[in-house]
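Novice: I am sharing work_11.tsv, which consists of TSV, C-alpha atoms:
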chain	number	residue	atom	x	y	z
A	1381	MET	CA	-27.25	76.72	-50.53
A	1382	HIS	CA	-31.01	76.97	-50.25
A	1383	ASN	CA	-32.25	79.86	-52.39
A	1384	VAL	CA	-35.68	79.95	-50.75
A	1385	ILE	CA	-36.83	78.46	-47.45
A	1386	VAL	CA	-40.56	78.22	-46.78
A	1387	ILE	CA	-41.58	77.79	-43.15
A	1388	GLY	CA	-44.87	75.92	-42.92
A	1389	GLY	CA	-46.36	73.28	-45.19
A	1390	GLY	CA	-49.96	74.41	-45.10
A	1391	ALA	CA	-51.95	75.98	-47.93
A	1392	ALA	CA	-49.86	79.16	-48.18
A	1393	GLY	CA	-46.55	77.39	-47.70
A	1394	MET	CA	-47.17	74.72	-50.30
A	1395	MET	CA	-48.27	77.32	-52.83
A	1396	ALA	CA	-45.25	79.50	-52.12
A	1397	ALA	CA	-42.88	76.55	-52.59
A	1398	ILE	CA	-44.59	75.50	-55.82
A	1399	HIS	CA	-44.33	78.95	-57.39
A	1400	ALA	CA	-40.75	79.58	-56.28
A	1401	SER	CA	-39.63	76.20	-57.65
A	1402	ARG	CA	-41.31	76.87	-60.98
A	1403	LEU	CA	-38.95	79.79	-61.47
A	1404	GLY	CA	-35.88	77.63	-60.88
A	1405	ALA	CA	-35.17	78.45	-57.24
A	1406	ALA	CA	-33.77	75.75	-54.96
A	1407	VAL	CA	-36.59	75.50	-52.44
A	1408	THR	CA	-36.67	73.85	-49.03
A	1409	LEU	CA	-40.04	73.49	-47.31
A	1410	LEU	CA	-39.88	73.08	-43.52
A	1411	GLU	CA	-42.94	71.43	-41.95
A	1412	ARG	CA	-43.22	70.82	-38.21
A	1413	ASN	CA	-45.69	67.95	-38.67
A	1414	GLN	CA	-45.13	64.58	-40.30
A	1415	LYS	CA	-47.30	65.45	-43.27
A	1416	LEU	CA	-48.28	68.51	-45.27
A	1417	GLY	CA	-51.57	70.38	-45.29
A	1418	LYS	CA	-53.04	69.18	-41.99
A	1419	LYS	CA	-55.43	72.14	-41.82
A	1420	VAL	CA	-56.39	71.69	-45.48
A	1421	TYR	CA	-57.59	68.19	-44.55
A	1422	ILE	CA	-60.22	69.55	-42.15
A	1423	THR	CA	-61.55	72.47	-44.20
A	1424	GLY	CA	-65.10	72.21	-45.45
A	1425	LYS	CA	-65.68	69.34	-42.98
A	1426	GLY	CA	-63.14	67.26	-44.84
A	1427	ARG	CA	-64.46	68.18	-48.27
A	1428	CYS	CA	-62.09	71.16	-48.68
A	1429	ASN	CA	-63.80	74.32	-49.90
A	1430	VAL	CA	-60.70	75.33	-51.89
A	1431	THR	CA	-61.90	78.72	-53.14
A	1432	ASN	CA	-64.92	80.68	-54.36
A	1433	ASP	CA	-65.62	81.16	-58.06
A	1434	CYS	CA	-66.19	84.92	-57.87
A	1435	THR	CA	-64.78	88.11	-59.37
A	1436	LEU	CA	-62.10	90.23	-57.71
A	1437	ASP	CA	-64.61	92.90	-56.66
A	1438	GLU	CA	-66.98	90.28	-55.27
A	1439	PHE	CA	-64.12	88.68	-53.37
A	1440	MET	CA	-63.09	91.93	-51.72
A	1441	LYS	CA	-66.59	92.43	-50.33
A	1442	GLU	CA	-66.08	89.20	-48.36
A	1443	VAL	CA	-62.90	90.47	-46.69
A	1444	PRO	CA	-63.80	92.67	-43.69
A	1445	ARG	CA	-60.21	93.24	-42.58
A	1446	ASN	CA	-57.55	94.94	-44.76
A	1447	PRO	CA	-59.05	93.98	-48.14
A	1448	ARG	CA	-57.03	96.54	-50.13
A	1449	PHE	CA	-53.82	94.83	-49.08
A	1450	LEU	CA	-54.89	91.77	-51.09
A	1451	TYR	CA	-55.47	93.39	-54.50
A	1452	SER	CA	-52.05	92.53	-55.92
A	1453	ALA	CA	-52.07	88.96	-54.63
A	1454	MET	CA	-55.62	88.32	-55.80
A	1455	SER	CA	-54.91	89.89	-59.18
A	1456	TYR	CA	-51.85	87.69	-59.57
A	1457	PHE	CA	-53.48	84.43	-58.45
A	1458	SER	CA	-57.28	84.51	-58.67
A	1459	PRO	CA	-59.83	81.86	-57.67
A	1460	GLN	CA	-59.93	80.84	-61.31
A	1461	SER	CA	-56.15	80.43	-61.26
A	1462	MET	CA	-56.48	78.04	-58.35
A	1463	MET	CA	-59.19	76.05	-60.07
A	1464	GLU	CA	-57.02	75.76	-63.19
A	1465	LEU	CA	-53.96	74.74	-61.16
A	1466	LEU	CA	-55.83	71.89	-59.49
A	1467	GLU	CA	-57.42	70.74	-62.76
A	1468	ASP	CA	-54.00	70.66	-64.44
A	1469	ALA	CA	-52.59	68.69	-61.51
A	1470	GLY	CA	-55.23	66.00	-61.94
A	1471	CYS	CA	-57.72	67.19	-59.33
A	1472	PRO	CA	-61.00	68.20	-61.06
A	1473	VAL	CA	-63.15	70.72	-59.18
A	1474	VAL	CA	-66.86	71.47	-59.02
A	1475	VAL	CA	-68.72	74.69	-58.19
A	1476	GLN	CA	-71.56	74.28	-55.72
A	1477	ARG	CA	-74.09	76.45	-53.90
A	1478	GLY	CA	-72.79	79.91	-53.12
A	1479	ARG	CA	-70.12	79.40	-55.83
A	1480	ARG	CA	-68.07	77.40	-53.35
A	1481	VAL	CA	-65.45	75.31	-55.12
A	1482	PHE	CA	-64.68	71.74	-54.01
A	1483	PRO	CA	-62.63	68.89	-55.43
A	1484	ALA	CA	-64.97	66.78	-57.57
A	1485	THR	CA	-64.36	63.84	-55.25
A	1486	GLU	CA	-65.19	66.01	-52.22
A	1487	LYS	CA	-62.07	64.66	-50.54
A	1488	ALA	CA	-59.60	67.16	-49.08
A	1489	SER	CA	-56.85	64.55	-49.40
A	1490	ASP	CA	-57.08	64.84	-53.19
A	1491	VAL	CA	-56.26	68.55	-53.00
A	1492	THR	CA	-53.18	67.93	-50.86
A	1493	ARG	CA	-52.16	65.02	-53.10
A	1494	ALA	CA	-52.31	67.29	-56.17
A	1495	LEU	CA	-50.19	69.95	-54.48
A	1496	GLU	CA	-47.65	67.36	-53.33
A	1497	LYS	CA	-47.36	66.24	-56.94
A	1498	LEU	CA	-46.51	69.79	-57.99
A	1499	LEU	CA	-43.95	70.07	-55.18
A	1500	ARG	CA	-42.25	66.88	-56.39
A	1501	GLU	CA	-42.26	68.10	-59.99
A	1502	GLY	CA	-40.61	71.33	-58.85
A	1503	GLY	CA	-37.91	69.48	-56.97
A	1504	VAL	CA	-38.86	71.02	-53.64
A	1505	HIS	CA	-36.92	69.54	-50.72
A	1506	ILE	CA	-39.36	68.83	-47.87
A	1507	VAL	CA	-38.13	68.43	-44.30
A	1508	TYR	CA	-40.67	67.04	-41.82
A	1509	ASP	CA	-40.62	67.35	-38.02
A	1510	ALA	CA	-38.77	70.62	-38.57
A	1511	ARG	CA	-39.75	73.32	-36.10
A	1512	VAL	CA	-37.95	76.62	-36.60
A	1513	LYS	CA	-36.36	78.25	-33.57
A	1514	GLU	CA	-35.39	81.51	-35.24
A	1515	ILE	CA	-34.80	83.27	-38.51
A	1516	ASN	CA	-31.18	84.36	-38.87
A	1517	GLU	CA	-30.49	87.91	-40.00
A	1518	ALA	CA	-27.47	90.12	-40.64
A	1519	ASP	CA	-27.25	93.73	-41.77
A	1520	GLY	CA	-31.00	93.96	-42.28
A	1521	ALA	CA	-31.30	90.85	-44.45
A	1522	VAL	CA	-32.17	87.21	-43.78
A	1523	THR	CA	-29.37	84.67	-43.92
A	1524	GLY	CA	-31.30	81.48	-43.13
A	1525	VAL	CA	-33.02	79.70	-40.27
A	1526	THR	CA	-32.10	77.67	-37.22
A	1527	LEU	CA	-34.25	74.72	-36.13
A	1528	MET	CA	-35.08	73.71	-32.59
A	1529	ASN	CA	-32.68	70.77	-32.95
A	1530	GLY	CA	-29.85	73.15	-33.76
A	1531	ALA	CA	-29.68	72.49	-37.50
A	1532	VAL	CA	-28.93	75.61	-39.54
A	1533	TYR	CA	-30.28	76.16	-43.05
A	1534	PRO	CA	-28.65	79.06	-44.91
A	1535	ALA	CA	-30.91	80.90	-47.37
A	1536	ASP	CA	-31.23	84.09	-49.36
A	1537	ARG	CA	-35.01	84.28	-48.95
A	1538	VAL	CA	-37.31	83.07	-46.16
A	1539	ILE	CA	-41.11	82.89	-46.40
A	1540	ILE	CA	-43.11	82.68	-43.16
A	1541	ALA	CA	-46.29	80.70	-43.80
A	1542	THR	CA	-46.92	79.23	-40.36
A	1543	GLY	CA	-50.64	79.93	-40.02
A	1544	GLY	CA	-52.33	81.53	-37.03
A	1545	LEU	CA	-53.55	80.30	-33.65
A	1546	SER	CA	-56.72	78.50	-34.67
A	1547	CYS	CA	-56.73	74.69	-34.87
A	1548	PRO	CA	-53.43	74.24	-32.96
A	1549	LEU	CA	-53.52	70.46	-33.46
A	1550	THR	CA	-52.68	71.16	-37.12
A	1551	GLY	CA	-49.48	72.90	-36.04
A	1552	SER	CA	-50.73	76.49	-35.93
A	1553	THR	CA	-49.39	77.57	-32.56
A	1554	GLY	CA	-48.24	81.11	-33.27
A	1555	ASP	CA	-44.59	80.42	-34.16
A	1556	GLY	CA	-44.74	82.84	-37.08
A	1557	TYR	CA	-45.80	85.71	-34.85
A	1558	ARG	CA	-42.84	85.04	-32.56
A	1559	MET	CA	-40.40	84.97	-35.50
A	1560	ALA	CA	-41.82	88.16	-37.01
A	1561	ALA	CA	-41.73	90.02	-33.72
A	1562	SER	CA	-38.13	88.99	-33.09
A	1563	LEU	CA	-37.22	90.71	-36.37
A	1564	GLY	CA	-38.97	93.93	-35.41
A	1565	HIS	CA	-42.40	93.37	-36.94
A	1566	THR	CA	-45.58	94.56	-35.27
A	1567	VAL	CA	-48.04	91.78	-34.48
A	1568	THR	CA	-51.57	93.08	-33.97
A	1569	PRO	CA	-53.79	91.59	-31.22
A	1570	ARG	CA	-55.16	88.20	-32.19
A	1571	SER	CA	-58.67	86.89	-31.62
A	1572	ALA	CA	-61.03	84.30	-33.05
A	1573	ALA	CA	-62.60	84.90	-36.45
A	1574	LEU	CA	-65.25	82.74	-38.09
A	1575	SER	CA	-66.03	81.65	-34.57
A	1576	ALA	CA	-68.95	80.29	-32.62
A	1577	ILE	CA	-70.16	82.64	-29.88
A	1578	GLU	CA	-70.98	82.03	-26.25
A	1579	THR	CA	-74.21	83.74	-25.18
A	1580	ALA	CA	-74.96	85.63	-21.98
A	1581	VAL	CA	-78.23	83.71	-21.58
A	1582	ASP	CA	-78.76	79.99	-21.03
A	1583	TRP	CA	-81.76	79.24	-23.24
A	1584	PRO	CA	-79.73	78.58	-26.44
A	1585	GLY	CA	-78.21	75.62	-24.58
A	1586	GLU	CA	-81.70	74.14	-24.19
A	1587	LEU	CA	-81.88	74.06	-28.00
A	1588	GLN	CA	-78.47	72.41	-28.50
A	1589	GLY	CA	-78.25	70.84	-31.95
A	1590	LEU	CA	-81.25	72.72	-33.37
A	1591	SER	CA	-80.50	74.18	-36.80
A	1592	LEU	CA	-82.58	77.02	-38.23
A	1593	ARG	CA	-82.86	77.79	-41.94
A	1594	ASN	CA	-84.09	80.88	-43.73
A	1595	VAL	CA	-83.74	83.13	-40.69
A	1596	THR	CA	-82.15	86.57	-40.53
A	1597	LEU	CA	-79.48	87.46	-38.00
A	1598	THR	CA	-78.82	91.15	-37.39
A	1599	LEU	CA	-75.96	92.77	-35.49
A	1600	LYS	CA	-76.12	96.41	-34.47
A	1601	LYS	CA	-73.97	98.77	-32.44
A	1602	GLY	CA	-76.25	101.53	-31.31
A	1603	ARG	CA	-78.17	102.60	-34.38
A	1604	LYS	CA	-75.55	101.33	-36.81
A	1605	THR	CA	-76.17	97.98	-38.48
A	1606	LEU	CA	-72.87	96.08	-38.66
A	1607	TYR	CA	-74.26	92.90	-40.20
A	1608	THR	CA	-77.57	91.46	-41.37
A	1609	GLU	CA	-78.02	88.34	-43.46
A	1610	LEU	CA	-80.49	85.60	-44.32
A	1611	GLY	CA	-79.31	82.02	-43.93
A	1612	GLU	CA	-78.69	79.19	-41.46
A	1613	MET	CA	-77.61	79.10	-37.83
A	1614	LEU	CA	-77.18	76.52	-35.10
A	1615	PHE	CA	-77.73	76.44	-31.35
A	1616	THR	CA	-74.98	74.83	-29.27
A	1617	HIS	CA	-74.54	73.85	-25.64
A	1618	PHE	CA	-72.79	77.18	-25.00
A	1619	GLY	CA	-74.50	79.53	-27.45
A	1620	ILE	CA	-74.77	79.94	-31.20
A	1621	SER	CA	-72.87	78.82	-34.30
A	1622	GLY	CA	-73.51	77.97	-37.96
A	1623	PRO	CA	-72.84	79.95	-41.17
A	1624	LEU	CA	-74.64	83.15	-40.15
A	1625	VAL	CA	-72.92	83.28	-36.77
A	1626	LEU	CA	-69.46	82.48	-38.13
A	1627	THR	CA	-69.71	85.34	-40.61
A	1628	MET	CA	-71.22	87.70	-38.03
A	1629	SER	CA	-68.25	87.03	-35.76
A	1630	CYS	CA	-66.07	88.90	-38.26
A	1631	HIS	CA	-68.10	92.08	-37.68
A	1632	LEU	CA	-68.41	92.18	-33.90
A	1633	PRO	CA	-67.47	95.43	-32.14
A	1634	ASP	CA	-64.38	95.41	-29.94
A	1635	GLU	CA	-66.55	95.39	-26.82
A	1636	MET	CA	-69.02	92.51	-26.81
A	1637	LYS	CA	-71.39	94.50	-24.57
A	1638	ASP	CA	-71.87	96.90	-27.51
A	1639	ALA	CA	-73.21	94.09	-29.71
A	1640	ASP	CA	-76.99	94.13	-30.13
A	1641	VAL	CA	-77.98	90.87	-31.85
A	1642	THR	CA	-81.52	89.95	-32.87
A	1643	LEU	CA	-82.91	86.92	-34.70
A	1644	ASN	CA	-85.80	87.20	-37.15
A	1645	LEU	CA	-87.51	83.81	-37.25
A	1646	LYS	CA	-90.06	84.92	-39.85
A	1647	PRO	CA	-88.21	87.18	-42.32
A	1648	GLY	CA	-90.63	86.30	-45.14
A	1649	LEU	CA	-93.48	88.13	-43.44
A	1650	ASP	CA	-93.86	91.79	-42.53
A	1651	ALA	CA	-95.17	92.74	-39.10
A	1652	GLN	CA	-98.77	93.12	-40.31
A	1653	GLN	CA	-98.76	89.76	-42.10
A	1654	LEU	CA	-97.31	87.98	-39.07
A	1655	ASP	CA	-99.89	89.51	-36.72
A	1656	ALA	CA	-102.68	88.43	-39.07
A	1657	ARG	CA	-101.23	84.90	-39.16
A	1658	LEU	CA	-101.12	84.75	-35.36
A	1659	GLN	CA	-104.70	86.01	-35.08
A	1660	ARG	CA	-105.90	83.36	-37.51
A	1661	ASP	CA	-103.99	80.55	-35.75
A	1662	PHE	CA	-105.26	81.63	-32.34
A	1663	ASP	CA	-108.87	81.90	-33.58
A	1664	ASP	CA	-108.71	78.49	-35.25
A	1665	ASN	CA	-107.27	76.92	-32.09
A	1666	SER	CA	-109.00	79.00	-29.46
A	1667	ARG	CA	-109.32	76.11	-26.97
A	1668	LYS	CA	-105.75	74.88	-27.32
A	1669	MET	CA	-102.81	75.98	-25.21
A	1670	LEU	CA	-100.37	78.45	-26.72
A	1671	ARG	CA	-97.43	76.00	-26.51
A	1672	SER	CA	-99.36	73.44	-28.62
A	1673	VAL	CA	-100.18	75.98	-31.34
A	1674	LEU	CA	-96.75	77.60	-31.79
A	1675	PRO	CA	-95.22	74.49	-33.47
A	1676	GLY	CA	-97.25	75.55	-36.52
A	1677	LEU	CA	-94.95	78.55	-36.75
A	1678	LEU	CA	-91.72	77.44	-35.09
A	1679	PRO	CA	-89.63	74.27	-34.71
A	1680	ALA	CA	-91.11	72.17	-31.91
A	1681	ARG	CA	-88.21	72.56	-29.46
A	1682	LEU	CA	-88.10	76.33	-29.92
A	1683	ALA	CA	-91.91	76.54	-29.73
A	1684	GLU	CA	-91.76	74.82	-26.33
A	1685	ILE	CA	-89.63	77.52	-24.70
A	1686	PHE	CA	-90.75	80.49	-26.82
A	1687	PRO	CA	-93.65	81.59	-24.55
A	1688	ARG	CA	-91.19	81.87	-21.67
A	1689	LEU	CA	-88.86	84.01	-23.79
A	1690	CYS	CA	-91.81	86.29	-24.49
A	1691	GLY	CA	-92.92	86.43	-20.87
A	1692	VAL	CA	-96.24	84.76	-21.73
A	1693	ASP	CA	-97.75	81.69	-20.04
A	1694	GLY	CA	-97.45	78.81	-22.48
A	1695	ASP	CA	-100.31	76.95	-20.79
A	1696	LYS	CA	-102.72	79.73	-21.53
A	1697	VAL	CA	-105.42	78.83	-24.08
A	1698	CYS	CA	-105.33	80.92	-27.21
A	1699	ALA	CA	-108.74	82.48	-26.56
A	1700	GLN	CA	-107.26	84.11	-23.47
A	1701	ILE	CA	-104.18	85.57	-25.16
A	1702	THR	CA	-104.45	89.36	-24.95
A	1703	ARG	CA	-103.71	91.69	-27.82
A	1704	GLU	CA	-100.59	92.92	-26.02
A	1705	GLU	CA	-99.36	89.37	-25.55
A	1706	ARG	CA	-99.99	88.53	-29.20
A	1707	GLU	CA	-98.07	91.64	-30.28
A	1708	THR	CA	-95.20	90.69	-27.98
A	1709	ILE	CA	-95.06	87.20	-29.51
A	1710	ALA	CA	-95.04	88.66	-33.01
A	1711	ARG	CA	-92.35	91.19	-32.13
A	1712	MET	CA	-90.14	88.54	-30.55
A	1713	MET	CA	-90.53	86.26	-33.56
A	1714	GLN	CA	-89.03	88.97	-35.72
A	1715	ALA	CA	-86.53	90.44	-33.27
A	1716	LEU	CA	-85.57	87.81	-30.69
A	1717	PRO	CA	-82.66	89.28	-28.70
A	1718	ILE	CA	-79.59	87.10	-28.18
A	1719	PRO	CA	-77.22	88.73	-25.67
A	1720	LEU	CA	-73.60	87.74	-26.32
A	1721	GLU	CA	-70.93	86.88	-23.78
A	1722	LYS	CA	-67.73	86.17	-25.71
A	1723	LEU	CA	-66.23	84.42	-28.69
A	1724	ALA	CA	-65.49	80.73	-28.39
A	1725	PRO	CA	-61.78	80.01	-27.65
A	1726	ILE	CA	-59.47	81.00	-30.48
A	1727	GLU	CA	-58.23	77.40	-30.70
A	1728	GLU	CA	-61.73	76.41	-31.84
A	1729	ALA	CA	-62.09	79.18	-34.43
A	1730	ILE	CA	-61.74	78.55	-38.15
A	1731	VAL	CA	-59.23	81.37	-38.65
A	1732	THR	CA	-57.30	83.92	-36.61
A	1733	ARG	CA	-58.02	87.63	-36.70
A	1734	GLY	CA	-54.93	89.79	-36.27
A	1735	GLY	CA	-51.31	88.98	-37.07
A	1736	VAL	CA	-48.32	90.59	-38.75
A	1737	SER	CA	-49.26	94.18	-39.57
A	1738	VAL	CA	-49.96	94.76	-43.26
A	1739	LYS	CA	-48.38	98.22	-42.92
A	1740	GLU	CA	-45.00	96.50	-42.69
A	1741	ILE	CA	-45.45	94.21	-45.71
A	1742	ASP	CA	-45.19	95.28	-49.37
A	1743	PRO	CA	-48.56	94.19	-50.84
A	1744	SER	CA	-47.10	93.93	-54.36
A	1745	THR	CA	-44.50	91.33	-53.32
A	1746	MET	CA	-45.40	90.12	-49.77
A	1747	GLU	CA	-41.85	91.10	-48.73
A	1748	SER	CA	-41.12	92.66	-45.38
A	1749	LYS	CA	-40.51	96.41	-45.43
A	1750	LEU	CA	-38.17	95.96	-42.47
A	1751	VAL	CA	-36.00	92.95	-43.34
A	1752	SER	CA	-34.71	92.23	-46.84
A	1753	GLY	CA	-35.47	88.74	-48.12
A	1754	LEU	CA	-38.23	88.06	-45.58
A	1755	TYR	CA	-41.70	87.30	-46.94
A	1756	PHE	CA	-45.10	86.47	-45.46
A	1757	ALA	CA	-48.03	84.39	-46.71
A	1758	GLY	CA	-51.37	83.18	-45.40
A	1759	GLU	CA	-53.04	83.40	-42.01
A	1760	VAL	CA	-49.96	84.79	-40.25
A	1761	ILE	CA	-50.80	88.13	-41.93
A	1762	ASP	CA	-53.46	90.42	-40.42
A	1763	VAL	CA	-56.18	89.61	-42.97
A	1764	ASP	CA	-59.25	87.41	-42.73
A	1765	ALA	CA	-62.45	86.83	-44.65
A	1766	HIS	CA	-65.90	85.31	-44.44
A	1767	THR	CA	-66.61	81.62	-44.77
A	1768	GLY	CA	-67.04	80.22	-48.27
A	1769	GLY	CA	-63.54	79.45	-49.54
A	1770	TYR	CA	-62.27	83.00	-49.18
A	1771	ASN	CA	-59.69	82.39	-46.45
A	1772	LEU	CA	-58.10	79.47	-48.31
A	1773	GLN	CA	-57.96	81.63	-51.43
A	1774	ILE	CA	-56.10	84.30	-49.44
A	1775	ALA	CA	-53.58	81.63	-48.47
A	1776	TRP	CA	-53.20	80.40	-52.06
A	1777	ALA	CA	-52.88	83.93	-53.48
A	1778	THR	CA	-50.45	85.39	-50.94
A	1779	GLY	CA	-48.40	82.18	-51.09
A	1780	ALA	CA	-48.24	82.27	-54.87
A	1781	LEU	CA	-47.17	85.92	-54.91
A	1782	ALA	CA	-44.62	85.52	-52.12
A	1783	GLY	CA	-43.06	82.46	-53.76
A	1784	THR	CA	-42.90	84.09	-57.17
A	1785	CYS	CA	-41.40	87.36	-55.94
A	1786	ALA	CA	-38.92	85.64	-53.63
A	1787	ALA	CA	-37.60	83.62	-56.57
A	1788	GLU	CA	-37.71	86.43	-59.15
A	1789	GLU	CA	-35.66	88.81	-57.03
A	1790	MET	CA	-32.83	86.27	-56.92
A	1791	PHE	CA	-32.20	86.00	-60.61
Mind turning the file's structure into structure tokens?
Specialist:
Amino acid sequence: MHNVIVIGGGAAGMMAAIHASRLGAAVTLLERNQKLGKKVYITGKGRCNVTNDCTLDEFMKEVPRNPRFLYSAMSYFSPQSMMELLEDAGCPVVVQRGRRVFPATEKASDVTRALEKLLREGGVHIVYDARVKEINEADGAVTGVTLMNGAVYPADRVIIATGGLSCPLTGSTGDGYRMAASLGHTVTPRSAALSAIETAVDWPGELQGLSLRNVTLTLKKGRKTLYTELGEMLFTHFGISGPLVLTMSCHLPDEMKDADVTLNLKPGLDAQQLDARLQRDFDDNSRKMLRSVLPGLLPARLAEIFPRLCGVDGDKVCAQITREERETIARMMQALPIPLEKLAPIEEAIVTRGGVSVKEIDPSTMESKLVSGLYFAGEVIDVDAHTGGYNLQIAWATGALAGTCAAEEMF
């Protein structure tokens, strides 16, 4: 008899299995791939940003969707708990810029290797190439699972930790949503989160590959500011991406047409200072064309197309630039509009927004309020956070709590 079955061998699933086994439960971990932690391998561009070394209150500010649901899980298994777990398992960690935590080797494989060691020590039985067809249930309680190949695994507790819809090549294809829905759970609409964004204008594509630093991106809906932050962004062949854009994507209004996005290319100057700088540059280069002077203020590729974005002739010599044109250039430098079209495909997003409704999950145990013995952990739940190690920490914390509570309630 399998006391606890964990479906999914990603971050949340591995952590759930580790914690359940530590309490003496007989744990079986079902992984549809041929190895564990495939998505962990690609996080942080292969370096694995495992968590963020912040306080509970600081963490919650980075969770735009259902943060209160996470208080129990985060209190039980904090970022510092994760750092200690890895250190004890022989995987030293380092804290870098933005308090992002990485394995000291900066190799994601070392994180997975440390977790696999803990799974072995706990006696967890791992079954690979195991895709679950359905979760079996009787009289309002789980009784086990049935695989696609017909194999049946009886169990007293089942933890769904199957991930979301992002990065489907890692095995996240929405199976958990299907299982939850079949047992009566509400699955909220899913969309991309921490996603690049396609723009409604073509000029960002002309700047493909250009990265901007120390710029401010602002998102408004009407008069309300939904997001504003200083940092880095990137132009792509279809629009915009990079840290600022990924985080902004978590705050977009439901209707993209309501999103008013502007880019401040010179946030270190106020309007008066920028106008004075432009006047000085134009006076000092009065016989030069505007397009040859702007690289003193902007990256060369952006400077080349910037006059067109402002509606000013770039071949005009600076002595002929009118006051109105100069004011337009200054205004656009500090509030360049970027009309948005849509989020990049959910398969290309870092995480999934939406999932199993938190209203139907007990936040103190991660157990279903509808089906006894059914638990949830990780991205399958309707919670998501900003970039910086926060989403992996949600997986670790909800997995740890689900695994612990599933095992404790058996003995």
Novice: Could you check which of A:Ile1577, A:Leu1410, A:Leu1495, A:Ile1398 is closest to Glu1728 of chain A, using all atoms listed in the file?
Specialist: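 Answer, going by the shortest atom-to-atom distance: A:Ile1577.
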Novice: Could you list, with a cut-off of 10 Å and counting all atoms listed in the file, the residues of segment 1717-1756 of chain A near segment 1450-1470 of chain A, each shown with its nearest atom pair and the distance in Å rounded to one decimal, rows sorted by chain and ascending number, as a tab-separated table?
Specialist:
residue	atom	partner	partner_atom	distance
A:Val1738	CA	A:Leu1450	CA	9.7
A:Asp1742	CA	A:Ser1452	CA	9.9
A:Pro1743	CA	A:Ser1452	CA	6.4
A:Ser1744	CA	A:Ser1452	CA	5.4
A:Thr1745	CA	A:Ala1453	CA	8.0
A:Met1746	CA	A:Ala1453	CA	8.3
Novice: Please produce, as JSON lines, a per-residue contact table for segment 1548-1630 of chain A versus segment 1515-1519 of chain A (criterion: any atom at most 10 Å away, all atoms listed in the file considered), showing the nearest atom pair and its distance in Å to one decimal, sorted by chain then residue number.
Specialist:
{"residue": "A:Met1559", "atom": "CA", "partner": "A:Ile1515", "partner_atom": "CA", "distance": 6.6}
{"residue": "A:Ala1560", "atom": "CA", "partner": "A:Ile1515", "partner_atom": "CA", "distance": 8.7}
{"residue": "A:Ser1562", "atom": "CA", "partner": "A:Ile1515", "partner_atom": "CA", "distance": 8.6}
{"residue": "A:Leu1563", "atom": "CA", "partner": "A:Ile1515", "partner_atom": "CA", "distance": 8.1}
Novice: Which residue out of A:Ala1494, A:Ala1699, A:Val1512, A:Ala1680 has the minimum interatomic distance to Ala1541 of chain A when all atoms listed in the file are used?
Specialist: A:Val1512
Novice: Go through A:Gly1648, A:Gly1768, A:Ala1510, A:Gly1503 one by one, measure the shortest atom-to-atom distance of each to Gly1404 of chain A using all atoms listed in the file, and give the residue with the smallest value.
Specialist: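 Of A:Gly1648, A:Gly1768, A:Ala1510, A:Gly1503, the one nearest Gly1404 of chain A, counting all atoms listed in the file, is A:Gly1503.
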Novice: When you count only C-alpha atoms, which of these residues is closest to Met1712 of chain A: A:Val1736, A:Cys1428, A:Leu1643, A:Ile1422?
Specialist: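 Among the listed residues, the smallest separation from Met1712 of chain A belongs to A:Leu1643.
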Novice: Considering all atoms listed in the file, state which residue in the set A:Leu1678, A:Val1567, A:Met1628, A:Leu1499 is at the smallest distance from Val1763 of chain A.
Specialist: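 Closest residue, counting all atoms listed in the file: A:Val1567.
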Novice: Can you measure atom CA of Pro1534 of chain A to atom CA of Val1751 of chain A for me? One decimal in Å is fine.
Specialist: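 Computed distance, atom CA of Pro1534 of chain A to atom CA of Val1751 of chain A, equals 15.8 Å.
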Novice: How many Å separate atom CA of Lys1646 of chain A from atom CA of Asp1693 of chain A?
Specialist: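 Value for the atom CA of Lys1646 of chain A-atom CA of Asp1693 of chain A distance: 21.5 Å.
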Novice: Restricting the calculation to only C-alpha atoms, which member of A:Met1790, A:Val1504, A:Leu1658, A:Leu1754 is positioned closest to Gly1520 of chain A?
Specialist: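 Checking each of A:Met1790, A:Val1504, A:Leu1658, A:Leu1754 against Gly1520 of chain A, counting only C-alpha atoms, the winner is A:Leu1754.
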Novice: Counting all atoms listed in the file, write as a list in words all protein and nucleic acid residues lying at most 12 Å from (-77.6, 102.8, -32.0) in the file's frame.
Specialist: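 Counting all atoms listed in the file, I find these residues within 12 Å of (-77.6, 102.8, -32.0): Leu1599, Lys1600, Lys1601, Gly1602, Arg1603, Lys1604, Thr1605, Leu1606, Asp1638, Ala1639, Asp1640 and Val1641 of chain A.
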Novice: What is the atom CA of Ala1573 of chain A to atom CA of Ile1387 of chain A distance in Å?
Specialist: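 Going from atom CA of Ala1573 of chain A over to atom CA of Ile1387 of chain A covers 23.2 Å.
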Novice: Counting all atoms listed in the file, which residues have an atom no more than 9 Å from (-80.7, 88.2, -44.7) in the file's coordinates? Please list them as a ChimeraX atom specification.
Specialist: /A:1594-1598,1608-1611,1647
Novice: When you look at segment 1439-1447 of chain A with a cut-off of 6 Å (counting only C-alpha atoms), what residues show up, excluding the ones that are within fewer than 4 positions of it in the same chain? I need them as a list of chain:residue names.
Specialist: A:Val1763, A:Asp1764, A:Ala1765, A:His1766
Novice: Residues within 10 Å of Gln1659 of chain A, please, as number ranges by chain. Count all atoms listed in the file; anything in the same chain fewer than 3 positions from it doesn't count.
Specialist: A: 1653-1656, 1662-1666, 1698, 1701, 1703, 1706-1707
Novice: What lies within 9 Å of segment 1588-1593 of chain A using only C-alpha atoms, ignoring chain neighbours under 5 positions off, as a list in words?
Specialist: Leu1610, Gly1611, Glu1612, Met1613, Leu1614, Phe1615, Thr1616, His1617, Phe1618, Gly1619, Ile1620, Gly1622, Leu1645, Pro1679, Arg1681 and Leu1682 of chain A
